[in-house]
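Comments concern the structure below.
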Amino acid sequence: MQGDAAPVYRRGKYWLDKLRREDGAERSPRWYVFWYDPTARREASASTGTEDVDQAILALDRRYLSDKDEAPAFCYACGQPLASAEAYLLTDAIADYRLEHGDLKDSSDSIQARLKHVLDFLDAEEERGGTFGIETSCAVSCGTPFIAAFRAWSKDQPVTWKNKKGEITASRPRAAATTEESVLQVAAALNHAADADPPRSERRPIYRPLPRKQVSRPRRVRVDVPVLADMVAYAAEADKKRGSLHAFIVASLCTVARPDSVVDICVAPDREQWYPGAAELDLNPFGRAQTNKYRPIIPVVPVLGEWLAAEFAAYQRLDQSARIGAGYLVNYYGRSVLDVDRAWSTMLAGLKLPKGREWKPYLMRHSLATILRNRGVAKWDLEGFMGHDVTGSTEVYAIGRFATVARALTDILGEIELRAPGALRRKCAEVALPGSLPQEVKMTG
């Protein structure tokens, strides 16, 4: 092995390190995968092609899993290949789950964050000399003592946000529901190990995440039509470069959709969400698999129809080469955005509204759902429009008109128009704004 220091990462016969000279100096900034070649009777190595340690670890995991001579687990003491929950480490189960399943999902970022929280727990246990550490096996992690210790530790760990330098810029107490998301994800990783072919573990977790109703605090904050009108008026204010926020708020009002669905609305033909004159909008673009957070097909109210038509006209005016990645209703200088959180926070401050967990962009969906329900829309219409209770075959064959919801939304939009005349109309430029901008994915506010 290169040097005497412990490798950064190891699985089976493979370990990760830098290629070094005789004096220990690095020959290259890239990471290399090393292993002992018994035929040549010497160490062999292969470059991962990256300086990023996380990407290098994934490269080692891929090599390990593609090696037919390596077992799903490897005994470090005797060198014999094994395949059991006693020998297969939880860290390996998490790595394999991410590589073979989690990183291929649309929700890969969320999966990675939830599992990282579990790995942080193992590191913390290792540092304090606790019962569980990086050598924790799947057999141990499938038991209730492990998950009880994880829950107790997680309760005291705040949720943090970091900037590009890795500095913590914000934090909040961790909700019990956030902990249970990690419980759900580690259980999925352990079940993935048992379902592998051949199985890497013969054990499955004997615990389940606590029901969301038991650990989630109901969101009680709602706003009424006058506040919604103030939001639209703020976003539509001239010469303020609030186009993304304006589009997001109007689209949210017209669709009652989740924020991630709203920023995903696109008029590009290959997305197959909407075409000129269409009476419906498919919130789920072509090629995207439906998840538990179902995205329905909904009717297009007139206000939204005008916005979609204007965006499509702008899309059509682009050169063919410029149409790639264009056509998103919520965009920043012609490019799609992940969210409008920063612009939203700036708006809350500008309108002197509170900030906090319950005042995030989800407030639009929750408030509109409450207003619609209290105005007596049909229960089936509201559930279908919001993508709830859609497990039956009816949704496959019958596109709902959701007439009571559409009428109520039209009334709400009319009331907003009276309070903020013209604010619902699309005022931002109908083409990508000129100028060369850095690759940004969020509004700056």
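We label chains A, B, ... in the order they appear in the structure tokens, count residues from 1 in each chain, and number ligands from 1 in the order shown.
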
Exercise. Compile the contact shell of Ser84 of chain A as an MDAnalysis selection string: residues with an atom at most 7 Å away, counting only C-alpha atoms, same-chain residues fewer than 6 positions apart removed.
Key: chainID A and resid 200:202

Quiz item: Skipping near chain neighbours, those fewer than 4 positions away, what residues fall within 9 Å of Ser154 of chain A using only C-alpha atoms, listed as a PyMOL selection string?
Solution: chain A and resi 117-118+121+149-150+158+174+176+179

Exercise. Within 10 Å of Glu180 of chain A, counting only C-alpha atoms, which residues show up once you throw out same-chain ones fewer than 2 positions away? Write them as a VMD selection string, please.
Key: chain A and resid 114 151 154 175 to 178 182 to 186 208 to 212 215 to 216

Output file for the residues above (N, CA, C and O atoms, as a CSV table (one decimal), in the first residue's frame):
chain,number,residue,atom,x,y,z
A,114,ARG,N,-30.3,12.5,3.0
A,114,ARG,CA,-30.8,11.6,4.0
A,114,ARG,C,-29.9,10.6,4.5
A,114,ARG,O,-29.7,10.3,5.7
A,151,ARG,N,-32.2,7.9,16.2
A,151,ARG,CA,-33.2,8.9,16.5
A,151,ARG,C,-32.8,9.8,17.6
A,151,ARG,O,-33.1,11.0,17.5
A,154,SER,N,-30.1,12.1,16.3
A,154,SER,CA,-30.6,13.0,15.3
A,154,SER,C,-31.4,14.2,15.8
A,154,SER,O,-31.4,15.3,15.3
A,175,ALA,N,-36.6,18.7,12.6
A,175,ALA,CA,-38.0,18.2,12.9
A,175,ALA,C,-37.9,16.7,12.9
A,175,ALA,O,-37.1,16.0,12.2
A,176,ALA,N,-38.8,16.1,13.7
A,176,ALA,CA,-38.9,14.6,13.8
A,176,ALA,C,-39.1,14.0,12.4
A,176,ALA,O,-38.6,12.9,12.1
A,177,ALA,N,-39.9,14.7,11.6
A,177,ALA,CA,-40.2,14.1,10.3
A,177,ALA,C,-39.0,14.0,9.4
A,177,ALA,O,-38.9,13.1,8.6
A,178,THR,N,-38.0,15.0,9.6
A,178,THR,CA,-36.8,14.9,8.8
A,178,THR,C,-36.0,13.7,9.2
A,178,THR,O,-35.4,13.0,8.4
A,182,SER,N,-34.7,9.9,7.0
A,182,SER,CA,-33.5,9.2,7.0
A,182,SER,C,-33.7,7.8,7.4
A,182,SER,O,-33.0,6.8,6.9
A,183,VAL,N,-34.6,7.5,8.4
A,183,VAL,CA,-34.9,6.2,8.8
A,183,VAL,C,-35.5,5.4,7.6
A,183,VAL,O,-35.1,4.2,7.3
A,184,LEU,N,-36.4,6.0,6.8
A,184,LEU,CA,-37.0,5.4,5.7
A,184,LEU,C,-35.9,5.1,4.6
A,184,LEU,O,-35.9,4.0,4.0
A,185,GLN,N,-34.9,6.0,4.5
A,185,GLN,CA,-33.9,5.8,3.4
A,185,GLN,C,-32.9,4.7,3.8
A,185,GLN,O,-32.5,3.9,3.0
A,186,VAL,N,-32.5,4.6,5.1
A,186,VAL,CA,-31.6,3.6,5.5
A,186,VAL,C,-32.2,2.2,5.4
A,186,VAL,O,-31.6,1.2,5.1
A,208,ARG,N,-39.8,0.3,11.2
A,208,ARG,CA,-40.3,1.2,10.1
A,208,ARG,C,-40.3,2.6,10.5
A,208,ARG,O,-40.3,2.9,11.7
A,209,PRO,N,-40.3,3.5,9.6
A,209,PRO,CA,-40.4,4.9,10.0
A,209,PRO,C,-41.7,5.2,10.6
A,209,PRO,O,-42.7,4.6,10.3
A,210,LEU,N,-41.7,6.2,11.6
A,210,LEU,CA,-42.9,6.5,12.3
A,210,LEU,C,-43.9,7.2,11.3
A,210,LEU,O,-43.4,7.9,10.4
A,211,PRO,N,-45.2,7.0,11.4
A,211,PRO,CA,-46.1,7.6,10.4
A,211,PRO,C,-46.0,9.2,10.4
A,211,PRO,O,-45.7,9.8,11.5
A,212,ARG,N,-46.1,9.7,9.3
A,212,ARG,CA,-45.9,11.2,9.1
A,212,ARG,C,-46.9,12.0,10.0
A,212,ARG,O,-46.5,13.0,10.6
A,215,VAL,N,-45.3,12.4,13.5
A,215,VAL,CA,-44.1,13.2,13.7
A,215,VAL,C,-44.1,14.6,13.0
A,215,VAL,O,-43.2,15.4,13.2
A,216,SER,N,-45.1,14.8,12.2
A,216,SER,CA,-45.2,16.1,11.5
A,216,SER,C,-46.1,17.1,12.2
A,216,SER,O,-47.2,16.7,12.5

Exercise. Output as JSON, numbers by chain all residues of segment 202-353 of chain A that backbone DSSP marks as strand (DSSP E).
Key: {"A": [280, 281, 282, 297, 298, 299, 331, 332, 335, 336]}

Output all heavy atoms for every residue in the selection just made, as a compact mmCIF listing (two decimals), in the first residue's frame.
# COMPACT_ATOMS: atom_id res chain seq x y z
N GLU A 280 -55.75 21.54 -21.61
CA GLU A 280 -55.17 20.90 -20.43
C GLU A 280 -53.66 21.11 -20.39
O GLU A 280 -53.02 21.27 -21.42
CB GLU A 280 -55.46 19.39 -20.41
CG GLU A 280 -56.91 19.02 -20.19
CD GLU A 280 -57.68 18.95 -21.49
OE1 GLU A 280 -57.02 18.77 -22.55
OE2 GLU A 280 -58.92 19.08 -21.46
N LEU A 281 -53.13 21.04 -19.20
CA LEU A 281 -51.69 21.11 -18.97
C LEU A 281 -51.29 19.87 -18.18
O LEU A 281 -51.87 19.58 -17.13
CB LEU A 281 -51.33 22.37 -18.16
CG LEU A 281 -49.90 22.45 -17.62
CD1 LEU A 281 -48.90 22.62 -18.76
CD2 LEU A 281 -49.76 23.60 -16.62
N ASP A 282 -50.30 19.13 -18.69
CA ASP A 282 -49.79 17.95 -18.00
C ASP A 282 -48.63 18.40 -17.12
O ASP A 282 -47.57 18.78 -17.63
CB ASP A 282 -49.32 16.90 -19.01
CG ASP A 282 -49.06 15.55 -18.35
OD1 ASP A 282 -48.88 15.52 -17.11
OD2 ASP A 282 -49.02 14.52 -19.06
N ILE A 297 -52.97 15.94 -14.71
CA ILE A 297 -53.33 16.76 -15.88
C ILE A 297 -54.46 17.67 -15.44
O ILE A 297 -55.49 17.20 -14.94
CB ILE A 297 -53.77 15.89 -17.07
CG1 ILE A 297 -52.64 14.95 -17.49
CG2 ILE A 297 -54.20 16.76 -18.24
CD1 ILE A 297 -53.06 13.96 -18.57
N ILE A 298 -54.31 18.98 -15.62
CA ILE A 298 -55.29 19.93 -15.09
C ILE A 298 -55.77 20.85 -16.21
O ILE A 298 -55.08 21.05 -17.21
CB ILE A 298 -54.70 20.77 -13.95
CG1 ILE A 298 -53.48 21.56 -14.44
CG2 ILE A 298 -54.31 19.88 -12.77
CD1 ILE A 298 -52.94 22.54 -13.41
N PRO A 299 -56.95 21.42 -16.05
CA PRO A 299 -57.44 22.37 -17.06
C PRO A 299 -56.66 23.67 -17.00
O PRO A 299 -56.17 24.08 -15.94
CB PRO A 299 -58.90 22.58 -16.65
CG PRO A 299 -58.95 22.25 -15.20
CD PRO A 299 -57.95 21.16 -14.99
N ASN A 331 -38.48 31.16 -15.61
CA ASN A 331 -37.09 31.13 -16.09
C ASN A 331 -36.36 32.39 -15.66
O ASN A 331 -36.97 33.40 -15.30
CB ASN A 331 -37.05 30.97 -17.61
CG ASN A 331 -37.63 32.16 -18.34
OD1 ASN A 331 -37.00 33.21 -18.47
ND2 ASN A 331 -38.88 32.01 -18.83
N TYR A 332 -35.04 32.32 -15.70
CA TYR A 332 -34.20 33.45 -15.37
C TYR A 332 -33.26 33.70 -16.54
O TYR A 332 -32.39 32.90 -16.83
CB TYR A 332 -33.40 33.17 -14.10
CG TYR A 332 -32.56 34.32 -13.61
CD1 TYR A 332 -33.13 35.57 -13.37
CD2 TYR A 332 -31.21 34.16 -13.38
CE1 TYR A 332 -32.37 36.63 -12.91
CE2 TYR A 332 -30.43 35.21 -12.92
CZ TYR A 332 -31.01 36.44 -12.69
OH TYR A 332 -30.25 37.50 -12.23
N ARG A 335 -33.27 30.75 -18.85
CA ARG A 335 -32.86 29.43 -18.35
C ARG A 335 -33.79 28.98 -17.23
O ARG A 335 -34.30 29.79 -16.45
CB ARG A 335 -31.41 29.49 -17.84
CG ARG A 335 -30.39 29.81 -18.92
CD ARG A 335 -28.98 29.61 -18.38
NE ARG A 335 -28.73 30.44 -17.22
CZ ARG A 335 -28.33 31.71 -17.29
NH1 ARG A 335 -28.16 32.28 -18.47
NH2 ARG A 335 -28.10 32.40 -16.19
N SER A 336 -33.95 27.67 -17.11
CA SER A 336 -34.80 27.13 -16.06
C SER A 336 -34.16 27.39 -14.70
O SER A 336 -32.96 27.61 -14.59
CB SER A 336 -34.99 25.63 -16.26
OG SER A 336 -33.75 24.95 -16.18

Quiz prompt | Interatomic distance (Å, one decimal) between atom CA of Val8 of chain A and atom CA of Ser45 of chain A | solution =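 Atom CA of Ser45 of chain A lies 15.0 Å from atom CA of Val8 of chain A.
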
Quiz item: Between A:Thr410, A:Asn163, A:Ser261, A:Gln320, which is the closest to Val301 of chain A once you count only C-alpha atoms?
Solution: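 For Val301 of chain A, the nearest of the given residues is A:Thr410.
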
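Across the model, the gap from atom CA of Met364 of chain A to atom CA of Val232 of chain A is 11.4 Å.
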
Practice problem: From a DSSP pass on the backbone, collect the residues of segment 211-245 of chain A flagged as alpha helix (DSSP H) and hand them back as a list in words. | Solution: Arg212, Lys213, Gln214, Val215, Val225, Pro226, Val227, Leu228, Ala229, Asp230, Met231, Val232, Ala233, Tyr234, Ala235, Gly243, Ser244 and Leu245 of chain A

Residues just named, written with C-alpha atoms as a CSV table (one decimal), in the first residue's frame:
chain,number,residue,atom,x,y,z
A,212,ARG,CA,-45.9,11.2,9.1
A,213,LYS,CA,-49.1,12.2,11.1
A,214,GLN,CA,-47.3,11.2,14.2
A,215,VAL,CA,-44.1,13.2,13.7
A,225,VAL,CA,-56.9,36.6,-1.3
A,226,PRO,CA,-55.8,40.1,-0.3
A,227,VAL,CA,-52.3,38.9,0.7
A,228,LEU,CA,-52.1,36.8,-2.5
A,229,ALA,CA,-53.0,40.0,-4.5
A,230,ASP,CA,-50.2,41.9,-2.7
A,231,MET,CA,-47.7,39.1,-3.7
A,232,VAL,CA,-48.7,39.3,-7.3
A,233,ALA,CA,-48.6,43.1,-7.3
A,234,TYR,CA,-45.1,43.0,-5.8
A,235,ALA,CA,-43.8,40.5,-8.3
A,243,GLY,CA,-39.9,37.9,-13.8
A,244,SER,CA,-39.2,34.5,-12.4
A,245,LEU,CA,-41.0,35.3,-9.1

Practice problem: For Pro276 of chain A, please output as a ChimeraX atom specification all residues within 10 Å (counting only C-alpha atoms; exclusion window: fewer than 6 positions along the same chain). | Solution: /A:267,269,305,308-310,312-313

Could you please take those selected residues and save C-alpha atoms as a compact mmCIF listing (two decimals), in the first residue's frame?
# COMPACT_ATOMS: atom_id res chain seq x y z
CA VAL A 267 -43.88 24.62 -23.43
CA PRO A 269 -42.86 20.30 -27.70
CA GLY A 305 -53.35 30.12 -21.13
CA LEU A 308 -48.25 29.69 -21.88
CA ALA A 309 -49.07 31.14 -25.30
CA ALA A 310 -46.65 34.04 -24.77
CA PHE A 312 -44.47 29.43 -26.64
CA ALA A 313 -44.28 32.44 -28.98
